[in-house]
Amino acid sequence: MSNVSPDPKPLVIAGKTYRSRLIIGTGKYPSYEQNARALEASGAEIVTVAVRRVNLSDPSQPRLVDFIDPKKVTYLPNTAGCFTGEDAVRTLRLAREAGGWNLVKLEVLGDRKTLYPDMLETLRAAEMLIDDGFQVMVYCNDDPMMAKRLENLGAAAIMPLASPIGSGLGIQSPINIRLIIEDAKVPVIVDAGIGTASDAAVAMELGCDAVISNTGIAEAKEPVLMAAAMRHAVEAGRLAYLAGRMAKKRYADPSSPLAGLI
């Protein structure tokens, strides 16, 4: 990256600038030690933390904070496993009391089969949290109208799903994602469904500001290696977006001119 022009639009979330455009999770790893090694390989500066599932405070058990230092990496508490607005708000208020975290990721799920967001509950919870002084990054469906409503409420970032959580299916609705990006004044971060490096590159080539990968890294056969692959894919995808891809054409166009052949 040092030999190319500076990025004209650095990633800024809630007033803080980040160099990495990859965010990784802290779930599904067999150990916090492997999670920490994956983080190092990824170059990520933000980790999502499911505060209802990760041990942050019990010293009798392995703690995430002993392996990933919250003073060096931004912890992003999330509401994974919450199905009502009240549960989500309560969870994040407890997280703020426990660790002082004000930047949070909101997700309110609709059912256990699809894990799609319940957007009515999400909007209601987002409004409550923003009124309570939180900086809220919001997991949502890929509906441009819903994304704009969340932005108008004061969301710090919009996080549309690529495909169902943990599915690894990649981006299923690139047109919707692009429409969200075109109209957003806050960062758009693709969340859920990123299964491998090429998925992350596609998201970045569409113009997303960042990508989240949890299952795609944690459930790879070699998570640390996949974390490194995701890092390079995000960087390559961002460069390709800034470069501007060639136009697609219906017919061949020779690389060398045909006129003047010997």
# chains A, B, ... in the order shown; residues from 1 in each chain; ligands from 1
>>> residues_around(residues="stretch 112-117 of chain A", least_positions_apart="2", cutoff="10 Å", atoms="only C-alpha atoms", output="PyMOL selection string")
chain A and resi 80-81+83+107-110+119-122+139-141+160-161+163-167+192
>>> write_last_selection(atoms="C-alpha atoms", output="mmCIF file, in the first residue's frame")
data_model
loop_
_atom_site.group_PDB
_atom_site.id
_atom_site.type_symbol
_atom_site.label_atom_id
_atom_site.label_comp_id
_atom_site.auth_asym_id
_atom_site.auth_seq_id
_atom_site.Cartn_x
_atom_site.Cartn_y
_atom_site.Cartn_z
ATOM 1 C CA ALA A 80 -25.549 -11.834 19.368
ATOM 2 C CA GLY A 81 -28.377 -14.075 20.556
ATOM 3 C CA PHE A 83 -34.320 -11.541 19.875
ATOM 4 C CA GLU A 107 -28.204 -7.051 16.179
ATOM 5 C CA VAL A 108 -31.755 -8.138 16.976
ATOM 6 C CA LEU A 109 -32.611 -11.447 15.364
ATOM 7 C CA GLY A 110 -36.010 -12.481 14.049
ATOM 8 C CA MET A 119 -35.833 -4.797 11.486
ATOM 9 C CA LEU A 120 -38.741 -3.350 13.486
ATOM 10 C CA GLU A 121 -37.083 -4.410 16.752
ATOM 11 C CA THR A 122 -33.699 -3.303 15.421
ATOM 12 C CA TYR A 139 -26.531 -5.209 11.658
ATOM 13 C CA CYS A 140 -29.423 -5.066 9.201
ATOM 14 C CA ASN A 141 -30.919 -6.661 6.118
ATOM 15 C CA PRO A 160 -25.988 -5.104 5.851
ATOM 16 C CA LEU A 161 -25.730 -8.883 5.634
ATOM 17 C CA SER A 163 -26.066 -13.693 3.289
ATOM 18 C CA PRO A 164 -27.306 -15.518 6.412
ATOM 19 C CA ILE A 165 -25.047 -15.488 9.486
ATOM 20 C CA GLY A 166 -22.484 -18.281 9.383
ATOM 21 C CA SER A 167 -23.576 -19.507 5.942
ATOM 22 C CA ALA A 192 -22.511 -11.996 7.883
#
>>> atom_distance(atom1="atom CA of A:Leu76", atom2="atom CA of A:Glu219")
20.6 Å
>>> residues_around(residues="A:Ala95", least_positions_apart="2", cutoff="10 Å", atoms="only C-alpha atoms", output="CSV table (one decimal) with N, CA, C and O atoms, in the first residue's frame")
chain,number,residue,atom,x,y,z
A,49,VAL,N,-17.3,-8.7,19.9
A,49,VAL,CA,-17.3,-9.5,21.2
A,49,VAL,C,-18.8,-9.8,21.6
A,49,VAL,O,-19.5,-8.8,21.9
A,50,ALA,N,-19.2,-11.0,21.5
A,50,ALA,CA,-20.5,-11.4,22.0
A,50,ALA,C,-20.5,-11.4,23.5
A,50,ALA,O,-20.1,-12.4,24.1
A,51,VAL,N,-21.0,-10.4,24.1
A,51,VAL,CA,-20.8,-10.2,25.6
A,51,VAL,C,-21.6,-11.3,26.3
A,51,VAL,O,-21.3,-11.5,27.5
A,52,ARG,N,-22.6,-11.9,25.7
A,52,ARG,CA,-23.4,-12.9,26.4
A,52,ARG,C,-22.7,-14.3,26.3
A,52,ARG,O,-23.1,-15.2,27.0
A,56,LEU,N,-15.3,-12.3,29.9
A,56,LEU,CA,-14.5,-11.1,30.0
A,56,LEU,C,-14.0,-10.9,31.4
A,56,LEU,O,-13.1,-10.1,31.6
A,76,LEU,N,-15.6,-4.4,20.2
A,76,LEU,CA,-17.0,-4.0,19.7
A,76,LEU,C,-18.0,-4.9,20.3
A,76,LEU,O,-18.3,-6.0,19.7
A,77,PRO,N,-18.5,-4.6,21.5
A,77,PRO,CA,-19.5,-5.5,22.1
A,77,PRO,C,-20.7,-5.6,21.1
A,77,PRO,O,-21.2,-4.6,20.6
A,78,ASN,N,-21.2,-6.9,21.0
A,78,ASN,CA,-22.4,-7.0,20.2
A,78,ASN,C,-23.5,-7.8,20.9
A,78,ASN,O,-23.3,-8.3,22.0
A,79,THR,N,-24.7,-7.8,20.3
A,79,THR,CA,-25.9,-8.4,21.0
A,79,THR,C,-26.3,-9.7,20.4
A,79,THR,O,-27.4,-10.1,20.2
A,89,VAL,N,-30.7,-3.9,24.4
A,89,VAL,CA,-30.4,-2.7,25.1
A,89,VAL,C,-29.8,-3.1,26.5
A,89,VAL,O,-28.8,-2.5,26.9
A,90,ARG,N,-30.4,-4.0,27.1
A,90,ARG,CA,-29.9,-4.5,28.5
A,90,ARG,C,-28.5,-5.0,28.4
A,90,ARG,O,-27.7,-4.7,29.2
A,91,THR,N,-28.3,-5.8,27.3
A,91,THR,CA,-27.0,-6.4,27.1
A,91,THR,C,-25.9,-5.4,26.9
A,91,THR,O,-24.8,-5.5,27.5
A,92,LEU,N,-26.2,-4.4,26.1
A,92,LEU,CA,-25.2,-3.4,25.9
A,92,LEU,C,-25.0,-2.4,27.0
A,92,LEU,O,-23.9,-1.9,27.2
A,93,ARG,N,-26.0,-2.2,27.8
A,93,ARG,CA,-25.8,-1.4,29.0
A,93,ARG,C,-24.9,-2.1,30.0
A,93,ARG,O,-24.1,-1.5,30.7
A,97,GLU,N,-21.2,-0.9,31.4
A,97,GLU,CA,-20.9,-0.9,32.9
A,97,GLU,C,-19.6,-1.7,33.1
A,97,GLU,O,-18.8,-1.4,33.9
A,98,ALA,N,-19.5,-2.9,32.4
A,98,ALA,CA,-18.4,-3.8,32.7
A,98,ALA,C,-17.0,-3.3,32.1
A,98,ALA,O,-16.0,-3.4,32.8
A,99,GLY,N,-17.1,-2.7,30.9
A,99,GLY,CA,-15.8,-2.3,30.3
A,99,GLY,C,-15.8,-0.9,29.8
A,99,GLY,O,-14.8,-0.5,29.2
A,100,GLY,N,-16.8,-0.1,30.0
A,100,GLY,CA,-16.8,1.3,29.6
A,100,GLY,C,-17.0,1.4,28.1
A,100,GLY,O,-16.8,2.5,27.5
A,101,TRP,N,-17.5,0.4,27.4
A,101,TRP,CA,-17.6,0.4,25.9
A,101,TRP,C,-18.8,1.2,25.5
A,101,TRP,O,-19.9,0.9,25.9
A,102,ASN,N,-18.6,2.2,24.6
A,102,ASN,CA,-19.7,3.0,24.2
A,102,ASN,C,-20.0,2.8,22.7
A,102,ASN,O,-21.1,2.9,22.2
A,104,VAL,N,-20.8,0.2,20.0
A,104,VAL,CA,-21.3,-1.1,20.1
A,104,VAL,C,-21.9,-1.6,18.7
A,104,VAL,O,-22.2,-0.8,17.9
>>> select_by_dssp(residues="stretch 75-174 of chain A", states="helix (DSSP H, G or I)", output="PyMOL selection string")
chain A and resi 85-99+119-131+144-153+174
>>> select_by_dssp(residues="stretch 149-262 of chain A", states="strand (DSSP E or B)", output="PyMOL selection string")
chain A and resi 157-160+188-190+210-213
>>> write_last_selection(atoms="C-alpha atoms", output="PDB file, in the first residue's frame")
ATOM      1  CA  ALA A 157     -22.285   2.526  10.680  1.00  0.00           C
ATOM      2  CA  ILE A 158     -24.653   0.435   8.584  1.00  0.00           C
ATOM      3  CA  MET A 159     -23.899  -3.301   8.485  1.00  0.00           C
ATOM      4  CA  PRO A 160     -25.988  -5.104   5.851  1.00  0.00           C
ATOM      5  CA  VAL A 188     -21.139   0.606   5.169  1.00  0.00           C
ATOM      6  CA  ILE A 189     -19.644  -2.622   6.512  1.00  0.00           C
ATOM      7  CA  VAL A 190     -20.722  -5.964   5.081  1.00  0.00           C
ATOM      8  CA  ALA A 210     -15.029  -2.587   5.571  1.00  0.00           C
ATOM      9  CA  VAL A 211     -15.882  -6.268   6.022  1.00  0.00           C
ATOM     10  CA  ILE A 212     -16.557  -8.435   9.074  1.00  0.00           C
ATOM     11  CA  SER A 213     -15.541 -12.074   9.118  1.00  0.00           C
TER      12      SER A 213
END
>>> decode(residues="stretch 76-94 of chain A", atoms="N, CA and C atoms", output="PDB file, in the first residue's frame")
ATOM      1  N   LEU A  76     -15.636  -4.372  20.172  1.00  0.00           N
ATOM      2  CA  LEU A  76     -16.958  -3.969  19.697  1.00  0.00           C
ATOM      3  C   LEU A  76     -17.988  -4.938  20.275  1.00  0.00           C
ATOM      4  N   PRO A  77     -18.531  -4.636  21.464  1.00  0.00           N
ATOM      5  CA  PRO A  77     -19.535  -5.528  22.054  1.00  0.00           C
ATOM      6  C   PRO A  77     -20.745  -5.639  21.140  1.00  0.00           C
ATOM      7  N   ASN A  78     -21.246  -6.870  20.998  1.00  0.00           N
ATOM      8  CA  ASN A  78     -22.439  -7.039  20.177  1.00  0.00           C
ATOM      9  C   ASN A  78     -23.522  -7.794  20.944  1.00  0.00           C
ATOM     10  N   THR A  79     -24.695  -7.839  20.344  1.00  0.00           N
ATOM     11  CA  THR A  79     -25.860  -8.425  21.016  1.00  0.00           C
ATOM     12  C   THR A  79     -26.255  -9.740  20.368  1.00  0.00           C
ATOM     13  N   ALA A  80     -25.271 -10.529  19.958  1.00  0.00           N
ATOM     14  CA  ALA A  80     -25.549 -11.834  19.368  1.00  0.00           C
ATOM     15  C   ALA A  80     -26.424 -12.649  20.308  1.00  0.00           C
ATOM     16  N   GLY A  81     -27.471 -13.258  19.753  1.00  0.00           N
ATOM     17  CA  GLY A  81     -28.377 -14.075  20.556  1.00  0.00           C
ATOM     18  C   GLY A  81     -29.549 -13.327  21.145  1.00  0.00           C
ATOM     19  N   CYS A  82     -29.672 -12.045  20.820  1.00  0.00           N
ATOM     20  CA  CYS A  82     -30.810 -11.260  21.321  1.00  0.00           C
ATOM     21  C   CYS A  82     -31.938 -11.259  20.278  1.00  0.00           C
ATOM     22  N   PHE A  83     -33.167 -11.469  20.771  1.00  0.00           N
ATOM     23  CA  PHE A  83     -34.320 -11.541  19.875  1.00  0.00           C
ATOM     24  C   PHE A  83     -35.353 -10.451  20.170  1.00  0.00           C
ATOM     25  N   THR A  84     -35.080  -9.591  21.141  1.00  0.00           N
ATOM     26  CA  THR A  84     -35.955  -8.444  21.407  1.00  0.00           C
ATOM     27  C   THR A  84     -35.105  -7.212  21.622  1.00  0.00           C
ATOM     28  N   GLY A  85     -35.719  -6.070  21.367  1.00  0.00           N
ATOM     29  CA  GLY A  85     -35.011  -4.823  21.580  1.00  0.00           C
ATOM     30  C   GLY A  85     -34.581  -4.646  23.026  1.00  0.00           C
ATOM     31  N   GLU A  86     -35.448  -5.042  23.959  1.00  0.00           N
ATOM     32  CA  GLU A  86     -35.122  -4.887  25.381  1.00  0.00           C
ATOM     33  C   GLU A  86     -33.899  -5.707  25.771  1.00  0.00           C
ATOM     34  N   ASP A  87     -33.815  -6.944  25.276  1.00  0.00           N
ATOM     35  CA  ASP A  87     -32.652  -7.785  25.570  1.00  0.00           C
ATOM     36  C   ASP A  87     -31.370  -7.155  25.031  1.00  0.00           C
ATOM     37  N   ALA A  88     -31.453  -6.619  23.823  1.00  0.00           N
ATOM     38  CA  ALA A  88     -30.277  -6.005  23.210  1.00  0.00           C
ATOM     39  C   ALA A  88     -29.814  -4.784  23.995  1.00  0.00           C
ATOM     40  N   VAL A  89     -30.747  -3.933  24.367  1.00  0.00           N
ATOM     41  CA  VAL A  89     -30.405  -2.722  25.112  1.00  0.00           C
ATOM     42  C   VAL A  89     -29.825  -3.087  26.480  1.00  0.00           C
ATOM     43  N   ARG A  90     -30.441  -4.049  27.144  1.00  0.00           N
ATOM     44  CA  ARG A  90     -29.946  -4.476  28.461  1.00  0.00           C
ATOM     45  C   ARG A  90     -28.524  -5.029  28.355  1.00  0.00           C
ATOM     46  N   THR A  91     -28.284  -5.838  27.333  1.00  0.00           N
ATOM     47  CA  THR A  91     -26.967  -6.449  27.139  1.00  0.00           C
ATOM     48  C   THR A  91     -25.889  -5.391  26.948  1.00  0.00           C
ATOM     49  N   LEU A  92     -26.171  -4.385  26.143  1.00  0.00           N
ATOM     50  CA  LEU A  92     -25.164  -3.371  25.863  1.00  0.00           C
ATOM     51  C   LEU A  92     -24.972  -2.408  27.031  1.00  0.00           C
ATOM     52  N   ARG A  93     -25.998  -2.184  27.793  1.00  0.00           N
ATOM     53  CA  ARG A  93     -25.821  -1.376  28.999  1.00  0.00           C
ATOM     54  C   ARG A  93     -24.930  -2.098  30.007  1.00  0.00           C
ATOM     55  N   LEU A  94     -25.092  -3.417  30.111  1.00  0.00           N
ATOM     56  CA  LEU A  94     -24.219  -4.203  30.984  1.00  0.00           C
ATOM     57  C   LEU A  94     -22.785  -4.171  30.476  1.00  0.00           C
TER      58      LEU A  94
END
